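Enquirer: File data_10.cif follows (mmCIF, C-alpha atoms):
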data_run
loop_
_atom_site.label_atom_id
_atom_site.label_comp_id
_atom_site.auth_asym_id
_atom_site.auth_seq_id
_atom_site.Cartn_x
_atom_site.Cartn_y
_atom_site.Cartn_z
CA GLY Y 48 115.64 86.24 115.78
CA ASN Y 49 116.57 89.21 117.92
CA SER Y 50 115.11 89.54 121.39
CA VAL Y 51 115.57 91.54 124.58
CA THR Y 52 114.78 90.28 128.07
CA GLN Y 53 114.31 92.81 130.81
CA MET Y 54 114.01 92.53 134.53
CA GLU Y 55 110.40 92.21 135.56
CA GLY Y 56 108.90 95.14 137.39
CA PRO Y 57 107.62 97.05 139.06
CA VAL Y 58 110.62 98.26 141.01
CA THR Y 59 110.09 100.53 144.02
CA LEU Y 60 113.03 102.29 145.65
CA SER Y 61 113.59 105.02 148.18
CA GLU Y 62 115.22 108.24 147.09
CA GLU Y 63 119.03 108.01 146.93
CA ALA Y 64 118.97 104.22 146.64
CA PHE Y 65 121.09 102.38 144.06
CA LEU Y 66 119.31 101.24 140.93
CA THR Y 67 120.02 98.26 138.68
CA ILE Y 68 117.68 97.15 135.91
CA ASN Y 69 118.89 94.01 134.19
CA CYS Y 70 118.79 93.60 130.44
CA THR Y 71 120.06 90.71 128.35
CA TYR Y 72 119.77 90.24 124.63
CA THR Y 73 119.85 87.59 121.93
CA ALA Y 74 121.20 88.56 118.55
CA THR Y 75 123.80 87.45 116.08
CA GLY Y 76 126.79 89.65 115.53
CA TYR Y 77 127.08 93.05 117.17
CA PRO Y 78 123.83 94.91 117.69
CA SER Y 79 123.65 98.47 118.98
CA LEU Y 80 122.06 98.71 122.42
CA PHE Y 81 119.88 101.42 123.91
CA TRP Y 82 117.99 102.44 127.00
CA TYR Y 83 114.87 104.51 126.53
CA VAL Y 84 112.76 106.13 129.26
CA GLN Y 85 109.04 106.86 129.13
CA TYR Y 86 107.67 109.36 131.63
CA PRO Y 87 103.94 109.23 132.41
CA GLY Y 88 101.83 110.38 129.48
CA GLU Y 89 104.81 110.93 127.21
CA GLY Y 90 106.62 109.21 124.37
CA LEU Y 91 110.02 107.56 124.62
CA GLN Y 92 113.22 109.47 125.20
CA LEU Y 93 116.64 108.07 124.39
CA LEU Y 94 118.53 107.81 127.67
CA LEU Y 95 121.82 106.29 126.55
CA LYS Y 96 123.35 104.04 123.93
CA ALA Y 97 126.34 101.82 123.14
CA THR Y 98 127.27 100.68 119.67
CA LYS Y 99 130.09 98.21 120.33
CA ALA Y 100 131.35 95.78 122.93
CA ASP Y 101 132.78 97.34 126.12
CA ASP Y 102 131.28 100.74 125.29
CA LYS Y 103 129.78 102.51 128.29
CA GLY Y 104 126.80 104.74 127.67
CA SER Y 105 126.00 107.40 130.24
CA ASN Y 106 123.54 110.23 130.71
CA LYS Y 107 121.90 112.04 133.65
CA GLY Y 108 123.74 109.83 136.15
CA PHE Y 109 122.62 106.61 134.46
CA GLU Y 110 125.19 104.19 133.04
CA ALA Y 111 125.17 100.92 131.11
CA THR Y 112 128.06 98.88 129.72
CA TYR Y 113 127.80 96.71 126.61
CA ARG Y 114 129.01 93.25 127.72
CA LYS Y 115 129.40 90.95 124.74
CA GLU Y 116 130.53 87.98 126.85
CA THR Y 117 127.35 88.01 128.94
CA THR Y 118 125.11 89.58 126.24
CA SER Y 119 124.00 92.16 128.78
CA PHE Y 120 123.40 95.90 129.02
CA HIS Y 121 122.31 96.51 132.61
CA LEU Y 122 121.18 100.02 133.58
CA GLU Y 123 122.58 101.50 136.80
CA LYS Y 124 122.31 104.70 138.75
CA GLY Y 125 124.05 105.38 142.02
CA SER Y 126 121.39 107.56 143.64
CA VAL Y 127 117.86 107.73 142.25
CA GLN Y 128 115.53 110.68 142.58
CA VAL Y 129 111.74 110.90 142.65
CA SER Y 130 111.94 112.48 139.20
CA ASP Y 131 113.45 109.23 137.84
CA SER Y 132 110.10 107.49 138.27
CA ALA Y 133 109.22 106.22 134.79
CA VAL Y 134 109.19 103.13 132.62
CA TYR Y 135 112.58 102.07 131.29
CA PHE Y 136 112.99 100.10 128.07
CA CYS Y 137 116.05 98.25 126.89
CA ALA Y 138 116.31 97.91 123.11
CA LEU Y 139 118.60 96.64 120.42
CA ARG Y 140 119.09 97.50 116.79
CA LYS Y 141 120.65 95.00 114.45
CA THR Y 142 119.73 95.32 110.82
CA ALA Y 143 117.02 97.09 108.89
CA ARG Y 144 116.93 99.89 111.40
CA GLN Y 145 113.97 98.87 113.56
CA LEU Y 146 114.38 98.64 117.30
CA THR Y 147 113.53 95.49 119.24
CA PHE Y 148 112.37 96.41 122.73
CA GLY Y 149 112.23 94.63 126.04
CA SER Y 150 108.95 94.58 127.93
CA GLY Y 151 109.79 97.63 130.03
CA THR Y 152 110.43 98.06 133.75
CA GLN Y 153 108.28 100.40 135.82
CA LEU Y 154 110.38 102.30 138.37
CA THR Y 155 108.80 104.18 141.27
CA VAL Y 156 111.03 106.24 143.56
CA LEU Y 157 109.55 107.22 146.91
CA PRO Y 158 110.61 110.36 148.79
CA GLU H 34 114.75 122.50 117.35
CA ALA H 35 111.24 121.04 117.20
CA GLY H 36 110.91 117.37 118.04
CA VAL H 37 108.80 114.71 116.42
CA THR H 38 105.16 115.72 116.41
CA GLN H 39 102.12 113.48 116.09
CA SER H 40 98.45 114.14 115.58
CA PRO H 41 95.88 113.67 116.82
CA THR H 42 96.74 113.10 120.47
CA HIS H 43 93.72 110.91 120.97
CA LEU H 44 91.49 109.14 118.47
CA ILE H 45 88.35 107.20 119.18
CA LYS H 46 86.93 104.95 116.47
CA THR H 47 84.37 102.23 116.13
CA ARG H 48 85.23 98.68 115.12
CA GLY H 49 85.35 98.37 111.35
CA GLN H 50 86.20 102.02 110.73
CA GLN H 51 89.49 103.39 109.42
CA ALA H 52 92.00 105.46 111.40
CA THR H 53 94.61 107.84 110.07
CA LEU H 54 97.51 108.92 112.25
CA ARG H 55 100.04 111.58 111.28
CA CYS H 56 103.68 112.19 112.09
CA SER H 57 106.12 115.00 111.35
CA PRO H 58 109.79 114.11 111.82
CA ILE H 59 112.54 116.30 113.15
CA SER H 60 113.75 118.70 110.49
CA GLY H 61 116.49 117.06 108.44
CA HIS H 62 115.46 113.52 109.34
CA THR H 63 114.52 111.36 106.37
CA SER H 64 113.48 108.12 108.09
CA VAL H 65 110.22 107.61 109.93
CA TYR H 66 109.32 104.57 112.02
CA TRP H 67 106.00 103.50 113.49
CA TYR H 68 105.62 101.39 116.62
CA GLN H 69 102.61 100.03 118.43
CA GLN H 70 102.53 100.02 122.23
CA ALA H 71 99.62 97.84 123.23
CA LEU H 72 98.80 96.92 126.81
CA GLY H 73 100.48 93.66 127.67
CA LEU H 74 102.31 93.40 124.35
CA GLY H 75 105.03 95.96 124.81
CA LEU H 76 106.48 98.00 121.97
CA GLN H 77 106.36 96.39 118.56
CA PHE H 78 107.82 97.64 115.30
CA LEU H 79 105.23 98.37 112.62
CA LEU H 80 106.77 100.17 109.64
CA TRP H 81 109.87 101.99 108.47
CA TYR H 82 109.83 104.64 105.72
CA ASP H 83 112.85 106.27 104.20
CA GLU H 84 112.99 108.70 101.30
CA GLY H 85 109.36 108.04 100.52
CA GLU H 86 109.67 104.27 100.32
CA GLU H 87 108.55 101.54 102.70
CA ARG H 88 111.78 99.83 103.72
CA ASN H 89 110.57 97.26 106.21
CA ARG H 90 107.47 96.20 108.09
CA GLY H 91 106.88 94.22 111.23
CA ASN H 92 104.60 91.28 111.77
CA PHE H 93 101.30 93.11 111.25
CA PRO H 94 98.46 92.39 108.82
CA PRO H 95 98.16 94.35 105.55
CA ARG H 96 95.35 96.50 106.95
CA PHE H 97 98.16 98.43 108.65
CA SER H 98 99.67 100.60 105.96
CA GLY H 99 101.14 104.01 105.52
CA ARG H 100 103.09 106.37 103.39
CA GLN H 101 105.75 109.01 103.54
CA PHE H 102 105.34 112.34 101.79
CA PRO H 103 107.99 114.39 99.94
CA ASN H 104 108.45 116.55 103.04
CA TYR H 105 109.21 113.30 104.99
CA SER H 106 106.08 113.48 107.10
CA SER H 107 104.19 110.23 107.34
CA GLU H 108 100.72 108.76 107.74
CA LEU H 109 99.76 105.48 109.31
CA ASN H 110 96.44 104.04 108.18
CA VAL H 111 94.65 101.25 109.97
CA ASN H 112 91.71 99.78 108.07
CA ALA H 113 88.88 97.60 109.36
CA LEU H 114 89.69 98.47 112.95
CA GLU H 115 89.52 95.73 115.54
CA LEU H 116 89.24 96.10 119.30
CA GLU H 117 92.79 94.83 119.76
CA ASP H 118 94.12 97.74 117.69
CA SER H 119 93.57 99.95 120.72
CA ALA H 120 97.05 101.12 121.64
CA LEU H 121 99.48 103.99 121.79
CA TYR H 122 101.06 104.46 118.36
CA LEU H 123 104.49 105.99 118.48
CA CYS H 124 106.32 107.59 115.60
CA ALA H 125 110.09 108.04 115.58
CA SER H 126 112.52 109.64 113.17
CA SER H 127 116.21 109.38 112.48
CA SER H 128 118.87 111.00 110.37
CA VAL H 129 121.35 109.35 108.01
CA GLY H 130 124.71 107.70 108.41
CA GLN H 131 126.00 107.08 111.89
CA ALA H 132 123.28 109.30 113.35
CA ALA H 133 120.71 106.85 112.03
CA TYR H 134 121.40 104.73 115.10
CA GLU H 135 119.42 107.18 117.23
CA GLN H 136 115.67 107.27 116.89
CA TYR H 137 113.75 110.18 118.39
CA PHE H 138 110.17 109.53 119.41
CA GLY H 139 107.06 111.63 119.36
CA PRO H 140 104.49 111.72 122.17
CA GLY H 141 102.22 109.22 120.46
CA THR H 142 98.61 108.95 119.37
CA ARG H 143 96.30 107.04 121.68
CA LEU H 144 93.86 105.06 119.52
CA THR H 145 90.80 103.62 121.21
CA VAL H 146 88.55 101.25 119.27
CA THR H 147 85.09 100.65 120.71
#
Go ahead and express the file in the form of structure tokens.
Expert:
Amino acid sequence: GNSVTQMEGPVTLSEEAFLTINCTYTATGYPSLFWYVQYPGEGLQLLLKATKADDKGSNKGFEATYRKETTSFHLEKGSVQVSDSAVYFCALRKTARQLTFGSGTQLTVLP
Amino acid sequence: EAGVTQSPTHLIKTRGQQATLRCSPISGHTSVYWYQQALGLGLQFLLWYDEGEERNRGNFPPRFSGRQFPNYSSELNVNALELEDSALYLCASSSVGQAAYEQYFGPGTRLTVT
């Protein structure tokens, strides 16, 4: 079946540091890939997406590239801010519409 | 444009009781999805409704059920509550066609079973 493996957290960084959160997936064919963010006490917000191989999703300084050859969709940001502190979820969508999520990575950015 | 709304925000029930959670999708969205976010279990897909019909369900027992109304709002019912049903229940909605790839989430209902 489909599955998503995410980098274990928590991750703690200083402001302006470089961020990478690893995400790899298992699925047949060509799933769509997503990153969602969950701020404290809130629901999930779609951060970025990619629907085919080599697509790069980007939003708010975050980027992720759909790598079919390595079945990966790593999230990166060049310079994190305190306001980026949240839980980040990698997810895929193959058939039947439902999303399969990774376990989430807690990010804390210190001033 | 109003986002996905859920009610109530918090719900406290006793084991064995029934819980009803409600969701209103974004205007124009016809699909509603329910997910459970339980501590230590991550986010798991529960149910998908589209045009009033249940289209798919996740690996949950039949006491988790729901429905979608003609205005596309949805209810999730959990019968015979168990302690392990305590979780954040998230509702999401999506549009049709290519836009169906994007699901927009509500803030969730926190269900506590004592």
Enquirer: Please measure the separation of atom CA of Y:Lys99 and atom CA of Y:Arg140, giving the value in Å to one decimal.
Expert: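 For atom CA of Y:Lys99 relative to atom CA of Y:Arg140, the distance reads 11.6 Å.
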Enquirer: What's around stretch 75-81 of chain Y at 9 Å? Count only C-alpha atoms, leave out sequence neighbours fewer than 2 positions away in its own chain, and write the answer as number ranges by chain.
Expert: Y: 48-49, 73, 83, 93-100, 104, 111, 113, 115, 120, 136-142; H: 134-135
Enquirer: Could you pull the residues within 8 Å of Y:Cys70, counting all atoms listed in the file, minus those fewer than 3 positions along the same chain, as a VMD selection string?
Expert: chain Y and resid 51 to 54 119 to 122 137 149
Enquirer: With a cut-off of 12 Å, could you pull out the residues of chain H touching chain Y and give me the nearest pair of atoms for each, distance in Å to one decimal, using all atoms listed in the file, ordered by chain and ascending number, as JSON lines?
Expert:
{"residue": "H:Gly36", "atom": "CA", "partner": "Y:Gln92", "partner_atom": "CA", "distance": 10.9}
{"residue": "H:Val37", "atom": "CA", "partner": "Y:Gly90", "partner_atom": "CA", "distance": 9.9}
{"residue": "H:Thr38", "atom": "CA", "partner": "Y:Gly90", "partner_atom": "CA", "distance": 10.4}
{"residue": "H:Gln39", "atom": "CA", "partner": "Y:Gly90", "partner_atom": "CA", "distance": 10.3}
{"residue": "H:Thr42", "atom": "CA", "partner": "Y:Gly88", "partner_atom": "CA", "distance": 10.7}
{"residue": "H:His43", "atom": "CA", "partner": "Y:Gly88", "partner_atom": "CA", "distance": 11.8}
{"residue": "H:Ser64", "atom": "CA", "partner": "Y:Arg144", "partner_atom": "CA", "distance": 9.5}
{"residue": "H:Val65", "atom": "CA", "partner": "Y:Gln145", "partner_atom": "CA", "distance": 10.2}
{"residue": "H:Tyr66", "atom": "CA", "partner": "Y:Gln145", "partner_atom": "CA", "distance": 7.5}
{"residue": "H:Trp67", "atom": "CA", "partner": "Y:Gln145", "partner_atom": "CA", "distance": 9.2}
{"residue": "H:Tyr68", "atom": "CA", "partner": "Y:Leu146", "partner_atom": "CA", "distance": 9.2}
{"residue": "H:Gln69", "atom": "CA", "partner": "Y:Phe148", "partner_atom": "CA", "distance": 11.3}
{"residue": "H:Gln70", "atom": "CA", "partner": "Y:Ser150", "partner_atom": "CA", "distance": 10.2}
{"residue": "H:Ala71", "atom": "CA", "partner": "Y:Ser150", "partner_atom": "CA", "distance": 10.9}
{"residue": "H:Leu72", "atom": "CA", "partner": "Y:Ser150", "partner_atom": "CA", "distance": 10.5}
{"residue": "H:Gly73", "atom": "CA", "partner": "Y:Ser150", "partner_atom": "CA", "distance": 8.5}
{"residue": "H:Leu74", "atom": "CA", "partner": "Y:Ser150", "partner_atom": "CA", "distance": 7.6}
{"residue": "H:Gly75", "atom": "CA", "partner": "Y:Ser150", "partner_atom": "CA", "distance": 5.2}
{"residue": "H:Leu76", "atom": "CA", "partner": "Y:Phe148", "partner_atom": "CA", "distance": 6.1}
{"residue": "H:Gln77", "atom": "CA", "partner": "Y:Thr147", "partner_atom": "CA", "distance": 7.3}
{"residue": "H:Phe78", "atom": "CA", "partner": "Y:Gln145", "partner_atom": "CA", "distance": 6.5}
{"residue": "H:Leu79", "atom": "CA", "partner": "Y:Gln145", "partner_atom": "CA", "distance": 8.8}
{"residue": "H:Leu80", "atom": "CA", "partner": "Y:Gln145", "partner_atom": "CA", "distance": 8.3}
{"residue": "H:Trp81", "atom": "CA", "partner": "Y:Gln145", "partner_atom": "CA", "distance": 7.2}
{"residue": "H:Tyr82", "atom": "CA", "partner": "Y:Arg144", "partner_atom": "CA", "distance": 10.3}
{"residue": "H:Asp83", "atom": "CA", "partner": "Y:Arg144", "partner_atom": "CA", "distance": 10.4}
{"residue": "H:Glu87", "atom": "CA", "partner": "Y:Ala143", "partner_atom": "CA", "distance": 11.4}
{"residue": "H:Arg88", "atom": "CA", "partner": "Y:Ala143", "partner_atom": "CA", "distance": 7.9}
{"residue": "H:Asn89", "atom": "CA", "partner": "Y:Ala143", "partner_atom": "CA", "distance": 7.0}
{"residue": "H:Arg90", "atom": "CA", "partner": "Y:Gln145", "partner_atom": "CA", "distance": 8.9}
{"residue": "H:Gly91", "atom": "CA", "partner": "Y:Gln145", "partner_atom": "CA", "distance": 8.8}
{"residue": "H:Leu121", "atom": "CA", "partner": "Y:Gly90", "partner_atom": "CA", "distance": 9.2}
{"residue": "H:Tyr122", "atom": "CA", "partner": "Y:Gly90", "partner_atom": "CA", "distance": 9.5}
{"residue": "H:Leu123", "atom": "CA", "partner": "Y:Gly90", "partner_atom": "CA", "distance": 7.0}
{"residue": "H:Cys124", "atom": "CA", "partner": "Y:Gly90", "partner_atom": "CA", "distance": 8.9}
{"residue": "H:Ala125", "atom": "CA", "partner": "Y:Leu91", "partner_atom": "CA", "distance": 9.1}
{"residue": "H:Ser126", "atom": "CA", "partner": "Y:Arg144", "partner_atom": "CA", "distance": 10.8}
{"residue": "H:Ser127", "atom": "CA", "partner": "Y:Arg144", "partner_atom": "CA", "distance": 9.6}
{"residue": "H:Ser128", "atom": "CA", "partner": "Y:Arg144", "partner_atom": "CA", "distance": 11.3}
{"residue": "H:Val129", "atom": "CA", "partner": "Y:Arg144", "partner_atom": "CA", "distance": 11.0}
{"residue": "H:Gly130", "atom": "CA", "partner": "Y:Arg144", "partner_atom": "CA", "distance": 11.4}
{"residue": "H:Gln131", "atom": "CA", "partner": "Y:Thr98", "partner_atom": "CA", "distance": 10.2}
{"residue": "H:Ala132", "atom": "CA", "partner": "Y:Thr98", "partner_atom": "CA", "distance": 11.4}
{"residue": "H:Ala133", "atom": "CA", "partner": "Y:Arg144", "partner_atom": "CA", "distance": 7.9}
{"residue": "H:Tyr134", "atom": "CA", "partner": "Y:Arg144", "partner_atom": "CA", "distance": 7.6}
{"residue": "H:Glu135", "atom": "CA", "partner": "Y:Leu93", "partner_atom": "CA", "distance": 7.7}
{"residue": "H:Gln136", "atom": "CA", "partner": "Y:Leu93", "partner_atom": "CA", "distance": 7.6}
{"residue": "H:Tyr137", "atom": "CA", "partner": "Y:Gln92", "partner_atom": "CA", "distance": 6.9}
{"residue": "H:Phe138", "atom": "CA", "partner": "Y:Leu91", "partner_atom": "CA", "distance": 5.6}
{"residue": "H:Gly139", "atom": "CA", "partner": "Y:Gly90", "partner_atom": "CA", "distance": 5.6}
{"residue": "H:Pro140", "atom": "CA", "partner": "Y:Gly90", "partner_atom": "CA", "distance": 4.0}
{"residue": "H:Gly141", "atom": "CA", "partner": "Y:Gly90", "partner_atom": "CA", "distance": 5.9}
{"residue": "H:Thr142", "atom": "CA", "partner": "Y:Gly90", "partner_atom": "CA", "distance": 9.4}
{"residue": "H:Arg143", "atom": "CA", "partner": "Y:Gly88", "partner_atom": "CA", "distance": 10.1}
Enquirer: So which one's closest to Y:Asp101, Y:Pro87, Y:Glu116, Y:Glu55, Y:Leu154? Using all atoms listed in the file, please.
Expert: Y:Glu116
Enquirer: State, in Å with one decimal place, the distance from atom CA of H:Gln51 to atom CA of H:Val146.
Expert: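 Between atom CA of H:Gln51 and atom CA of H:Val146 the gap works out to 10.1 Å.
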